[in-house]
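K.L.:
Pasting a structure here, questions to come.
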Amino acid sequence: MPQGFETESRKLLVRLRDVMASGEAGQARLNEIVRLIANSMRAEVCSIYLFRDADTLELCATEGLQQEAVHQTRMRLGEGLVGRVAKTRRVVNTADAPAARGFRYMPETGEERYSSFCGIPVQRIGETMGVLVVQSRVSREFTADEVYALEVVAMVLAEMNELGAFAGEGAAMRTRHQEPVMFKGLVGQEGAAGGNVYLHEPRVVVTNVVADDPDVELARLREAVDTLRISVDEMLTQAKTVNKDQKQVLEAYRMFANSRGWMKRMEADIAQGLSAEAAVEKEQSLARTRMQSADSYLRDRLHDLDDLSNRLLRILTGQGSNTGAEVPVNPVLVARNIGPGELLDYGKKIKGIVLEEGSVGSHAAIIARAWAIPLVIQATGITAEALNGDPILVDGDQGIAHLRPDDTVLAAFRDKMAMQTEAQARYAGIRGLPAQTKCGTVIGLHMNAGLMADLPSLESSGAEGVGLFRTELQFLIRSQMPKRAELSALYAQVMDAANGKRVTFRTLDIGSDKVLPYMKLNDEPNPAMGWRAIRVGLEKPGVLRMQLQALIRAANGRPLTVMFPFVAQLEEFRSARAEFDKAMAREGILGHPLPSAVEIGAMLETPSLAFAPDIFFKEVDFISIGGNDLKQFFFAADRENERVRRRYDTLNVSFLSFLEQLIARCHAHNTPVSFCGEDAGRPVEAVAFAAMGLRNLSMRPASIGPVKHMLRRLNLDDVRTVIHEARERGDQSVRSAINDFLRQQI
């Protein structure tokens with residue numbers, strides 16, 4: 001890059017900083033900025049378009065186009081060359097704009113007179129805020145140096161917009177972080193909660209975008225990068241206990257931290273006039289843009305670079321992850337994503353969780369369900385918009401988060417929460433009563449758990465026992481394999497807390513969406529149908545034996561109930577039970593007290609097990625239907641894939657008929673059978689399951705009250721008739737028929 005042009009670029013940035021520091025209003029600032037850029041780039045036109053909503057751009061300032069078009073010219077995302085830049089987040093540089101793909105003629109602007117067009121996305125860490133455009137009459141492409149200079153300017157504009165420098169009248173120039181915003185995500189855990197935002201990783205705020213002395217900024221950047229490299233080297237040195245895959249991740253960190261290309265680009269940004277922090281953030285924004293179209297492997301590597309950029313920004317600014325911000329009253333956790341260990345650190349004081357990423361099967365979702373904390377996932381953009389302390393409402397039933405809600409939304413939400421509180425009071429009144437239907441059928445209601453913190457709910461919810469204790473959570477939240485003595489002590493505490501009530505311990509269910517941080521990953525094309533659960537236990541029997549020994553010791557002479565997950569055929573169950581028998585024999589030889597009674601069951605999560613030989617139903621002590629996995633295999637619909645999983649209803653006639661046949665087979669062999677999963681905790685589904693013949697359901701504690709309340713008001717014979725009539729009519733799902741029936745009855 002020619003030194004003269006580089007100096008001119010720095011001069012422009014200094015002028016932009018002076019404009020930002022001035023006391024002018026937002027519109028006046030924008031008007032001055034487009035004039036400065038046009039003069040500096042020797043272009044007849046410079047225009048700035050900002051988003052007025054998620055899909056619409058508005059011309060907010062121009063030098064060279066008709067002034068009457070300002071705030072009048074608008075275009076949809078993807079419309080025209082400007083909309084194309086905004087949608088693709090990529091530069092459009094053409095010598096013949098009217099002939100370019102997607103050109104839209106806007107007579108009110110007069111732009112048909114200009115041939116050359118260069119559009120630059122105005123973006124900040126993955127968030128596109130608008131488009132910067134320069135145009136000229138002369139037919140030419142802008143040089144690479146000019147485009148680069150405009151990218152630097154666009155980054156400064158993004159920071160200025162973030163800091164509210166362009167605030168004015170109208171939606172496109174609204175003050176950021178002040179207006180109500182609704183985020184539509186996906187349901188991670190049902191429920192409703194109101195509170196105040198607590199950011200898991202507060203964003204680094206860059207206030208010194210433009211630098212006076214490039215040499216000083218280069219020195220700051222190099223010193224910070226050296227510190228970063230040392231910290232990465234220390235992580236690798238300390239990572240003696242991690243597996244090969246974790247080490248590869250840390251090696252990728254080291255590779256990026258030592259990347260000359262990354263460093264060279266940031267040095268060039270500083271030479272253009274940016275501060276060290278702004279240079280890091282500019283490269284981070286470009287990396288975020290590349291993530292959008294990258295394949296999964298490259299996206300993971302770009303995430304590594306994104307994380308390193310955050311670390312480097314915190315070193316430069318001194319803004320650590322812990323900013324000292326006080327936890328607000330009724331905190332609602334807002335994060336891009338979060339691991340199980342980090343979430344557990346916050347404890348149950350969190351009233352709700354909103355994640356930009358996440359999935360219904362993620363570790364965070366498992367813990368949120370265990371704690372009955374409303375969770376919204378896939379709430380795109382919320383971490384960029386939310387500030388610590390902002391009021392927020394989490395509607396887990398709809399998968400919606402209302403940030404800084406207006407009075408109308410707040411009033412409606414309060415009414416909803418008041419109704420829920422009233423309902424919970426009704427449920428408390430029947431806590432000690434059985435879930436007995438009007439026809440005299442008693443349904444056993446049990447709770448799911450996975451943490452010691454869940455056990456107090458056993459008494460308060462009215463659960464008759466723990467139908468599923470997920471033992472894998474204790475493995476997931478650790479950085480290394482837990483010891484047998486630690487597990488034995490934990491399981492003993494669980495039994496103590498249950499106070500004699502039955503606890504069904506499911507052995508380690510890992511694989512698929514639950515990956516241990518210290519265990520070698522398997523590169524499988526479809527992990528949900530791959531090496532997981534009991535398959536891992538049988539091929540790695542050391543871990544299974546250790547867990548079984550810990551359970552036997554924890555029982556210490558008390559009854560013990562153990563369940564093996566993801567059993568697909570008879571031989572898998574027999575092999576797993578043989579491992580339990582070996583563990584019992586060994587513990588007896590060692591002189592440890594053996595359980596007074598033992599129940600060994602299987603979780604039925606694959607259709608194949610329903611068609612196992614009769615001998616299986618005689619050998620197994622009980623069966624628990626794992627509804628979440630069974631549904632995805634029955635319908636061939638990945639439960640992590642939102643495009644397909646919602647197409648299939650639990651109350652589909654085919655699925656209910658399958659359950660009915662399975663239940664009949666279990667009853668024929670006197671094999672106890674229960675249903676475990678999210679659907680068991682939904683009153684309408686629970687009623688249908690009971691009508692199909694299920695007499696035990698296991699669910700999250702908060703669902704026991706609503707399910708019991710519904711069951712006690714119905715005659716299952718009537719529900720069964722409704723289901724059979726819907727099936728005879730050829731209905732695809734019985735949901736509508738049952739809902740119509742319930743409306744008449746309740």
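Residue numbering restarts at 1 in every chain; chains get A, B, ... in the order shown in the structure tokens, and ligands count up from 1 in that same order.
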Would you write out, as CSV, a table of all residues in segment 658-720 of chain A that have an atom no more than 10 Å from an atom of segment 593-607 of chain A, listing for each the closest atom pair and the distance in Å to one decimal, considering only C-alpha atoms and ordering rows by chain and rising residue number?
P.N.:
```
residue,atom,partner,partner_atom,distance
A:Phe658,CA,A:Pro607,CA,8.8
A:Leu659,CA,A:Pro607,CA,10.0
A:Leu662,CA,A:Pro607,CA,9.6
A:Thr671,CA,A:Gly601,CA,9.9
A:Pro672,CA,A:Gly601,CA,9.5
A:Val673,CA,A:Gly601,CA,9.7
A:Ser674,CA,A:Met603,CA,9.6
A:Phe675,CA,A:Leu604,CA,9.4
A:Cys676,CA,A:Met603,CA,9.0
```
K.L.:
Write out as a ChimeraX atom specification which residues come within 7 Å of Tyr491 of chain A when counting only C-alpha atoms, dropping same-chain ones fewer than 4 positions away.
P.N.:
/A:487,495,551,554
K.L.:
Which residues are near segment 430-436 of chain A? Cut-off 12 Å, only C-alpha atoms, ignore same chain within fewer than 3 positions. Put them as a ChimeraX atom specification.
P.N.:
/A:423-427,439-446,457-464,686-687,690,695-697,701-716
K.L.:
Would you list, as a PyMOL selection string, the residues of segment 405-511 of chain A that end up in alpha helix (DSSP H) under DSSP run on this structure's backbone?
P.N.:
chain A and resi 407-429+457-460+473-476+484-498
K.L.:
Those residues you just picked out, can you put them in a file as a CSV table (one decimal), in the first residue's frame with N, CA and C atoms?
P.N.:
```
chain,number,residue,atom,x,y,z
A,407,ASP,N,-45.0,-1.8,28.4
A,407,ASP,CA,-45.9,-2.0,29.4
A,407,ASP,C,-47.0,-3.0,29.0
A,408,THR,N,-47.4,-3.0,27.8
A,408,THR,CA,-48.4,-3.9,27.3
A,408,THR,C,-48.0,-5.4,27.4
A,409,VAL,N,-46.7,-5.6,26.9
A,409,VAL,CA,-46.2,-7.0,27.0
A,409,VAL,C,-46.0,-7.4,28.5
A,410,LEU,N,-45.5,-6.5,29.3
A,410,LEU,CA,-45.2,-6.7,30.7
A,410,LEU,C,-46.5,-7.1,31.4
A,411,ALA,N,-47.6,-6.4,31.1
A,411,ALA,CA,-48.9,-6.6,31.8
A,411,ALA,C,-49.4,-8.0,31.4
A,412,ALA,N,-49.3,-8.4,30.1
A,412,ALA,CA,-49.8,-9.7,29.7
A,412,ALA,C,-49.0,-10.8,30.3
A,413,PHE,N,-47.7,-10.6,30.4
A,413,PHE,CA,-46.8,-11.6,31.0
A,413,PHE,C,-47.1,-11.8,32.4
A,414,ARG,N,-47.3,-10.7,33.1
A,414,ARG,CA,-47.6,-10.8,34.6
A,414,ARG,C,-48.9,-11.6,34.8
A,415,ASP,N,-49.9,-11.4,33.9
A,415,ASP,CA,-51.2,-12.1,34.0
A,415,ASP,C,-50.9,-13.6,33.8
A,416,LYS,N,-50.0,-13.9,32.9
A,416,LYS,CA,-49.7,-15.3,32.6
A,416,LYS,C,-49.0,-16.0,33.8
A,417,MET,N,-48.1,-15.2,34.4
A,417,MET,CA,-47.3,-15.8,35.6
A,417,MET,C,-48.3,-15.9,36.8
A,418,ALA,N,-49.2,-15.0,36.9
A,418,ALA,CA,-50.2,-15.0,38.0
A,418,ALA,C,-51.0,-16.3,37.9
A,419,MET,N,-51.4,-16.6,36.6
A,419,MET,CA,-52.2,-17.8,36.4
A,419,MET,C,-51.4,-19.0,36.7
A,420,GLN,N,-50.2,-19.0,36.4
A,420,GLN,CA,-49.3,-20.2,36.7
A,420,GLN,C,-49.1,-20.3,38.2
A,421,THR,N,-49.0,-19.2,38.9
A,421,THR,CA,-48.9,-19.3,40.4
A,421,THR,C,-50.1,-19.8,41.0
A,422,GLU,N,-51.3,-19.4,40.5
A,422,GLU,CA,-52.6,-19.9,41.0
A,422,GLU,C,-52.7,-21.4,40.8
A,423,ALA,N,-52.2,-21.8,39.6
A,423,ALA,CA,-52.3,-23.2,39.3
A,423,ALA,C,-51.4,-24.0,40.2
A,424,GLN,N,-50.2,-23.5,40.5
A,424,GLN,CA,-49.3,-24.2,41.4
A,424,GLN,C,-49.9,-24.3,42.8
A,425,ALA,N,-50.6,-23.3,43.2
A,425,ALA,CA,-51.3,-23.4,44.5
A,425,ALA,C,-52.3,-24.5,44.5
A,426,ARG,N,-53.0,-24.7,43.4
A,426,ARG,CA,-54.0,-25.8,43.3
A,426,ARG,C,-53.2,-27.2,43.4
A,427,TYR,N,-52.1,-27.2,42.7
A,427,TYR,CA,-51.3,-28.5,42.6
A,427,TYR,C,-50.8,-28.8,44.0
A,428,ALA,N,-50.4,-27.8,44.8
A,428,ALA,CA,-49.9,-28.1,46.2
A,428,ALA,C,-51.0,-28.7,47.0
A,429,GLY,N,-52.2,-28.4,46.8
A,429,GLY,CA,-53.3,-29.0,47.6
A,429,GLY,C,-53.5,-30.4,47.3
A,457,SER,N,-36.8,-31.8,45.5
A,457,SER,CA,-38.1,-31.8,44.8
A,457,SER,C,-38.8,-33.0,45.0
A,458,LEU,N,-38.2,-34.1,45.4
A,458,LEU,CA,-38.8,-35.4,45.6
A,458,LEU,C,-40.0,-35.3,46.5
A,459,GLU,N,-39.8,-34.5,47.6
A,459,GLU,CA,-40.8,-34.4,48.6
A,459,GLU,C,-41.8,-33.3,48.2
A,460,SER,N,-41.3,-32.1,47.8
A,460,SER,CA,-42.2,-31.0,47.5
A,460,SER,C,-43.0,-31.2,46.3
A,473,LEU,N,-24.4,-36.8,34.3
A,473,LEU,CA,-24.2,-35.4,34.5
A,473,LEU,C,-22.9,-35.3,35.4
A,474,GLN,N,-22.7,-36.2,36.3
A,474,GLN,CA,-21.5,-36.1,37.2
A,474,GLN,C,-20.2,-36.3,36.4
A,475,PHE,N,-20.3,-37.0,35.3
A,475,PHE,CA,-19.2,-37.2,34.4
A,475,PHE,C,-19.0,-36.0,33.5
A,476,LEU,N,-20.1,-35.4,33.0
A,476,LEU,CA,-20.0,-34.3,32.1
A,476,LEU,C,-19.4,-33.0,32.7
A,484,ARG,N,-14.1,-44.1,41.7
A,484,ARG,CA,-15.2,-44.9,42.2
A,484,ARG,C,-15.6,-44.5,43.6
A,485,ALA,N,-14.7,-44.1,44.5
A,485,ALA,CA,-15.1,-43.6,45.8
A,485,ALA,C,-16.0,-42.4,45.8
A,486,GLU,N,-15.7,-41.5,44.8
A,486,GLU,CA,-16.5,-40.3,44.7
A,486,GLU,C,-17.9,-40.6,44.2
A,487,LEU,N,-18.0,-41.5,43.3
A,487,LEU,CA,-19.3,-41.9,42.8
A,487,LEU,C,-20.1,-42.6,43.8
A,488,SER,N,-19.5,-43.5,44.6
A,488,SER,CA,-20.1,-44.2,45.6
A,488,SER,C,-20.7,-43.3,46.7
A,489,ALA,N,-19.9,-42.3,47.1
A,489,ALA,CA,-20.4,-41.3,48.1
A,489,ALA,C,-21.6,-40.5,47.5
A,490,LEU,N,-21.5,-40.1,46.2
A,490,LEU,CA,-22.6,-39.4,45.6
A,490,LEU,C,-23.9,-40.2,45.6
A,491,TYR,N,-23.8,-41.5,45.1
A,491,TYR,CA,-25.0,-42.3,45.0
A,491,TYR,C,-25.6,-42.6,46.4
A,492,ALA,N,-24.7,-42.7,47.4
A,492,ALA,CA,-25.2,-43.0,48.7
A,492,ALA,C,-26.0,-41.7,49.2
A,493,GLN,N,-25.5,-40.5,48.9
A,493,GLN,CA,-26.2,-39.3,49.3
A,493,GLN,C,-27.6,-39.2,48.6
A,494,VAL,N,-27.6,-39.7,47.3
A,494,VAL,CA,-28.9,-39.7,46.6
A,494,VAL,C,-29.9,-40.6,47.3
A,495,MET,N,-29.4,-41.8,47.6
A,495,MET,CA,-30.3,-42.7,48.3
A,495,MET,C,-30.8,-42.2,49.7
A,496,ASP,N,-29.8,-41.6,50.4
A,496,ASP,CA,-30.2,-41.0,51.7
A,496,ASP,C,-31.3,-39.9,51.5
A,497,ALA,N,-31.1,-39.1,50.5
A,497,ALA,CA,-32.0,-38.0,50.3
A,497,ALA,C,-33.4,-38.5,49.9
A,498,ALA,N,-33.4,-39.7,49.2
A,498,ALA,CA,-34.7,-40.2,48.7
A,498,ALA,C,-35.5,-40.8,49.9
```
